[in-house]
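Written below as structure tokens is the structure these notes are about.
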Amino acid sequence: MNLRVPPSPQDADLQSPSRRELIKRGGLVVAFMWLGGAGRVWGLSDSERVDASHPAFAPNAFVRVGNDGSIQLVMPTVEMGQGSYTGQATLLAEELDVGLDQITVEHAPANRKLYANPLLGEQATGGSTTIRFCWTSLRNAGAAARSMLVAAAAQRWKVDDASQCTVARGVVTHAASNRTLRYAELADAAAKVPMPDKVTPKDPKDFQLIGKPLRRVDTPAKVDGTLPFGIDIRVPGMKVATVRASPTFGGKLASVDDTRARAIPGVLKVVKIDNAVAVIGEHFWAAKQGLEALDITWDRGANANFSTEQLFKDMAEASEHGKPILGREVGHVDNVKGKVVSATYQLPLLAHATMEPINTTVHVRPDSCEIWVGTQVPARCADVAAKVTGLPPESITVHNQYLGGGFGRRLFEDSVEQAVAIAKQVDFPVKIIWTREEDIAQDRYRPAYYDRISATLDDNGKPVAWTDRTTGASVLATFAPGAMGKNGLDGDLVECSAELPYAIPNMRVDWVRHDMPEGLAVGWWRGVGPTHNVFVVESFVDELAHAAGKDPVAYRRDMVSDNPRAKAVLELAAQKVGWGQGSLPPRHGRGVALAAPFGSYLCVVMDVEVSPQGVISMKRAVAAVDCGWVVNPNTVEAQIQGGLVFGWSAALYSGITLKNGAVEQRNFNDYRVLRLNETPEIEVHILPSTEKPGGIGETGTVMAMPALTNAIFAATGVRIRTLPIDRGALVQDQNALKAVLTATTTEESGHGDAIDMARRLA
């Protein structure tokens, strides 16, 4: 497959507003919005039928076939490392009967009407929804285009039954007469074929691409550096800026003395907005030096004394006395007799820490605004630019780029709003780049959570009553308040806690809303609600197994006897890891976690060793997954692996803490990620399935934390209920730490974590 690199800003068509429009094909253009299996078709008005590339045949919003032999696929969701473009292209290529190498991939423009994800109600990429959304829509789009091209061939050959024609690699063949025509030769004629009212995608037995281990379409260009991300954009006449916002949440800019900054060579301008100041330079280094030279006075605002300790104190109070919103209730949890087990769990604020820091390039003119950015929500970026500039929506152009990581951070357009406000004050294009420190200090953080959970066990140790109360802020309330439930419920806050894979006769799950202080913005983080809920649920299930004196795998197997998909992944993972076969050495442990996030079923089993000094060594992880129809097993394996590493990083090292109203962490030195030498061997086993596709991009992250902490409990007997893990709590005794300090004082010894703990505890 060819990757269509966004046109150079020097190209005339990039400057044309027509790039924002989607479909043009003579006088007939139809966009597909396939919802459900019926394959209904909605048309576009004549005014919407414009596209700069002038394809000969553009039957729907996704497919463009030129009479030069080109085949373009417009991707409704974005690529940020999750293999999205490869998966989407595979679906379309399968139904078009072409090879991936024959296709050019193109970013979709900002257009809700054509590219809104019906599972999210927005033109957005997130929630592990891409394949779930595209499985029907893109296959139908490809099947419709194929049927029209074949019909055009049949008409030219005067073949009454088009089903007598076959297609391979974009060549239509009529075997009976030994005639062939390429799609390129049929494009003009196919444009005149009536749009079918309904199409039938391929029977899975005829799949040629779906289910095969295909290579990622974007890998070669990423390896050789030719694939541009947002931060790579170069626009003629462009200058570069970097920015600093108020360090305290809700704070504002009081005053700036820029005397020293203006004396630095290359500094061009100092721009002030309500809560931030930017320095624009000829290049980034000049801008950064200028920013460091500013003498800034901040109005620190009402949160000047706010801290993490205060946050969790307030959340505990709200959990106890706040008004709960019911998520789900089954049976009656009150007055159920048996042994009661209860626990409290606490999870921190989390930053996204994407590899590519926040950046946006903007050119504001009197009559237009162009934006180059990697975003998960292109239409929202256009909206906020129109708001800031006062220009009509049709004057805003968003050129979406490849994302160097998203994880939910780029679901929010706040940085674009800031960039447009800065660019509005100059008459040249400007690229705004946040430093890593600014990126971490001004993130939209995964909310902190405080959970109280309880279960009543019968005489056999099985839970017969279950209550789970989550306390935390709602992201949905600010992102899409209209999507909140009638009772005020944010469904994300109870996802994977309201619906368990286990059979429990009586349960009540609720949520107490506790918003963050003004200015402390929250956002979704890779895994959204299930990341938090599965950690709590699976940790607690492990606690129940221990309280009942049962093996953790056997305990779960007994509760999923009526859930065949959950049982299958549990048994496969246990078999592959060799669960119960032989004993483990001292301070070695094996942990398990089972869940069904995003429509997929996963089980992860981990082997860990915890040294007497509290150093955690992850030895092996085995994952079993049933995600329904698999489009590309390579992508499934890679996403499980990457998600696990992402989740382990959070469990071991990540946590945003607040002091005096500001974030304490600044860079990867104090907001660590897992290193290569710390990563265990990871096995991924995929169960064959004919169920509808489930999500996969975030599932590994969801499973990582409880599998790890349950293994740590098995190794040490220490139950982890607060993240990130306090490795000091895992120390066998003080003598173990003293021995490390006596033996060596260098981290090169491989005992860096132990040394750090020893020094803190000595």
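Residue names in the structure tokens use chain letters A, B, ... in the order shown, residue numbers from 1 in each chain, and ligand numbers from 1 in the order shown.
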**Study point:** For stretch 676-686 of chain A: contacts at 6 Å, only C-alpha atoms, fewer than 2 positions along chain excluded, given as a list in words
**Key:**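 So the residues in contact are Met618, Lys619, Arg620, Ala621, Val622, Ala623, Ala624, Val625 and Glu637 of chain A.
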If you keep C-alpha atoms, can you produce a file of those selected residues as a compact mmCIF listing (two decimals), in the first residue's frame?
# COMPACT_ATOMS: atom_id res chain seq x y z
CA MET A 618 8.32 -9.06 35.65
CA LYS A 619 9.30 -12.41 34.16
CA ARG A 620 6.53 -13.45 31.82
CA ALA A 621 3.05 -12.44 30.70
CA VAL A 622 0.58 -14.64 28.85
CA ALA A 623 -2.55 -13.17 27.31
CA ALA A 624 -5.50 -14.99 25.78
CA VAL A 625 -7.96 -12.90 23.78
CA GLU A 637 -0.74 -9.03 19.16
Practice item. Apply DSSP to the backbone of this structure and, from stretch 44-233 of chain A, keep only the residues in strand (DSSP E); write these as a ChimeraX atom specification. Key: /A:63-65,71-75,103-107,165-168,171-174,179-182
Let's have the selection written as a PDB file, in the first residue's frame, with C-alpha atoms.
ATOM      1  CA  VAL A  63     -13.588   5.229  -1.964  1.00  0.00           C
ATOM      2  CA  ARG A  64     -12.103   7.152  -4.873  1.00  0.00           C
ATOM      3  CA  VAL A  65     -11.095   5.437  -8.124  1.00  0.00           C
ATOM      4  CA  ILE A  71      -7.415   3.936  -5.717  1.00  0.00           C
ATOM      5  CA  GLN A  72      -7.715   6.185  -2.680  1.00  0.00           C
ATOM      6  CA  LEU A  73      -9.239   5.272   0.639  1.00  0.00           C
ATOM      7  CA  VAL A  74     -10.284   8.108   2.933  1.00  0.00           C
ATOM      8  CA  MET A  75      -9.908   6.901   6.519  1.00  0.00           C
ATOM      9  CA  ILE A 103      -4.161   1.628  -2.412  1.00  0.00           C
ATOM     10  CA  THR A 104      -3.305   5.136  -1.281  1.00  0.00           C
ATOM     11  CA  VAL A 105      -4.431   6.103   2.226  1.00  0.00           C
ATOM     12  CA  GLU A 106      -5.637   9.629   2.959  1.00  0.00           C
ATOM     13  CA  HIS A 107      -6.651  11.417   6.150  1.00  0.00           C
ATOM     14  CA  CYS A 165     -17.956 -11.487 -13.704  1.00  0.00           C
ATOM     15  CA  THR A 166     -15.153 -11.918 -11.160  1.00  0.00           C
ATOM     16  CA  VAL A 167     -12.584  -9.481  -9.768  1.00  0.00           C
ATOM     17  CA  ALA A 168      -8.968  -9.956  -8.706  1.00  0.00           C
ATOM     18  CA  VAL A 171      -9.317  -6.411 -12.751  1.00  0.00           C
ATOM     19  CA  VAL A 172     -12.834  -7.483 -13.765  1.00  0.00           C
ATOM     20  CA  THR A 173     -12.941 -10.713 -15.767  1.00  0.00           C
ATOM     21  CA  HIS A 174     -15.723 -12.352 -17.772  1.00  0.00           C
ATOM     22  CA  ARG A 179     -12.513 -10.437 -21.537  1.00  0.00           C
ATOM     23  CA  THR A 180     -10.957  -8.225 -18.836  1.00  0.00           C
ATOM     24  CA  LEU A 181     -11.162  -4.588 -17.809  1.00  0.00           C
ATOM     25  CA  ARG A 182      -9.210  -2.741 -15.150  1.00  0.00           C
TER      26      ARG A 182
END
**Study point:** Contact residues around A:Ser307 with only C-alpha atoms at 10 Å, ignoring same-chain residues under 2 positions, as an MDAnalysis selection string
**Key:** chainID A and resid 303:305 309:313 657:663
Practice item. Could you check how far atom CA of A:Lys272 sits from atom CA of A:Ile371, in Å to one decimal? Key: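 A separation of 20.2 Å between them.
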Return as JSON lines the residues of stretch 584-634 of chain A lying at most 10 Å from stretch 523-535 of chain A, together with the closest atom-to-atom pair for each and the distance in Å to one decimal, counting only C-alpha atoms, with rows in chain order and ascending residue number.
{"residue": "A:Ala593", "atom": "CA", "partner": "A:Val534", "partner_atom": "CA", "distance": 8.4}
{"residue": "A:Leu594", "atom": "CA", "partner": "A:Val534", "partner_atom": "CA", "distance": 8.4}
{"residue": "A:Ala595", "atom": "CA", "partner": "A:Val534", "partner_atom": "CA", "distance": 6.9}
{"residue": "A:Ala596", "atom": "CA", "partner": "A:Pro530", "partner_atom": "CA", "distance": 9.1}
{"residue": "A:Pro597", "atom": "CA", "partner": "A:Pro530", "partner_atom": "CA", "distance": 6.4}
{"residue": "A:Phe598", "atom": "CA", "partner": "A:Pro530", "partner_atom": "CA", "distance": 8.5}
Atoms to include: N, CA and C atoms. Write the selected residues as a PDB file, in the first residue's frame.
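New file again_31.pdb:
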ATOM      1  N   ALA A 593      -5.866 -12.008  35.768  1.00  0.00           N
ATOM      2  CA  ALA A 593      -6.946 -11.032  35.648  1.00  0.00           C
ATOM      3  C   ALA A 593      -7.798 -11.413  34.445  1.00  0.00           C
ATOM      4  N   LEU A 594      -9.113 -11.251  34.575  1.00  0.00           N
ATOM      5  CA  LEU A 594     -10.078 -11.644  33.551  1.00  0.00           C
ATOM      6  C   LEU A 594     -11.111 -10.537  33.402  1.00  0.00           C
ATOM      7  N   ALA A 595     -11.426 -10.148  32.174  1.00  0.00           N
ATOM      8  CA  ALA A 595     -12.430  -9.091  31.977  1.00  0.00           C
ATOM      9  C   ALA A 595     -12.913  -9.129  30.535  1.00  0.00           C
ATOM     10  N   ALA A 596     -13.937  -8.309  30.264  1.00  0.00           N
ATOM     11  CA  ALA A 596     -14.505  -8.209  28.916  1.00  0.00           C
ATOM     12  C   ALA A 596     -14.658  -6.741  28.526  1.00  0.00           C
ATOM     13  N   PRO A 597     -13.553  -6.020  28.359  1.00  0.00           N
ATOM     14  CA  PRO A 597     -13.647  -4.604  27.989  1.00  0.00           C
ATOM     15  C   PRO A 597     -13.830  -4.409  26.491  1.00  0.00           C
ATOM     16  N   PHE A 598     -14.600  -3.405  26.118  1.00  0.00           N
ATOM     17  CA  PHE A 598     -14.748  -2.970  24.722  1.00  0.00           C
ATOM     18  C   PHE A 598     -15.246  -4.080  23.802  1.00  0.00           C
TER      19      PHE A 598
END
Proximity of stretch 435-550 of chain A to stretch 332-354 of chain A: per-residue shortest pair, 7 Å limit, only C-alpha atoms, as CSV:
residue,atom,partner,partner_atom,distance
A:Ile440,CA,A:Ala351,CA,6.3
A:Asp443,CA,A:Ala351,CA,6.2
A:Tyr445,CA,A:Ala351,CA,5.1
A:Arg446,CA,A:Leu350,CA,4.9
A:Pro447,CA,A:Leu349,CA,5.1
A:Ala448,CA,A:Leu349,CA,4.5
A:Tyr449,CA,A:Leu347,CA,5.1
A:Tyr450,CA,A:Gln346,CA,4.7
A:Asp451,CA,A:Tyr345,CA,5.0
A:Arg452,CA,A:Thr344,CA,4.6
A:Ile453,CA,A:Ala343,CA,5.6
A:Ser454,CA,A:Ser342,CA,4.2
A:Ala455,CA,A:Val341,CA,5.4
A:Thr456,CA,A:Val340,CA,4.4
A:Leu457,CA,A:Lys339,CA,5.0
A:Asp458,CA,A:Gly338,CA,5.2
A:Ala465,CA,A:Val333,CA,5.2
A:Trp466,CA,A:Val333,CA,6.7
A:Asn506,CA,A:Val333,CA,5.3
A:Met507,CA,A:Val333,CA,5.8
A:Arg508,CA,A:Val333,CA,6.8
A:Trp525,CA,A:His352,CA,6.6
A:Val536,CA,A:Tyr345,CA,6.7
Point to revise | Close residues, stretch 80-94 of chain A itself excluded, 6 Å, only C-alpha atoms, min 5 positions apart in chain, as a ChimeraX atom specification | key: /A:138-139,142,209,216-217,403-405
Point to revise | Nearby residues (only C-alpha atoms) at most 7 Å from A:Ser689, same-chain spacing under 3 positions excluded, as a list of chain:residue names | key: A:Asp626, A:Gly628, A:Trp629
Write to file, as a short mmCIF file (atom, residue, chain, number, x, y, z; two decimals), in the first residue's frame, the residues of the selection just made, with C-alpha atoms.
data_model
loop_
_atom_site.label_atom_id
_atom_site.label_comp_id
_atom_site.auth_asym_id
_atom_site.auth_seq_id
_atom_site.Cartn_x
_atom_site.Cartn_y
_atom_site.Cartn_z
CA ASP A 626 -11.29 -13.40 22.03
CA GLY A 628 -14.45 -11.62 17.65
CA TRP A 629 -13.53 -11.50 13.98
#
Practice item. Might you pull out every residue within 8 Å of A:Thr77, with only C-alpha atoms counted and same-chain residues fewer than 3 positions away left off, and present them as JSON, numbers by chain? Key: {"A": [84, 85, 108, 115, 123, 124, 125, 130, 376]}
Practice item. Considering only C-alpha atoms, state which residue in the set A:Val199, A:Val193, A:Ala480, A:Ile296 is at the smallest distance from A:Thr136. Key: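 Once distances to A:Thr136 are computed over only C-alpha atoms, the minimum belongs to A:Val199.
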Point to revise | d(atom CA of A:Val464, atom CA of A:Leu570) in Å | key: 21.6 Å
Review point. Restricting the calculation to only C-alpha atoms, which member of A:Lys550, A:His399, A:Arg409, A:Lys288 is positioned closest to A:Asn460?
Key: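 Of the candidates, the smallest distance to A:Asn460 is held by A:Lys550.
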Exercise for review: Can you work out which one of A:Pro324, A:Ala566, A:Thr397, A:Gly591 has the shortest atom-to-atom distance to A:Asp468, counting only C-alpha atoms?
Suggested key: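 Using only C-alpha atoms, A:Asp468 sits closest to A:Pro324.
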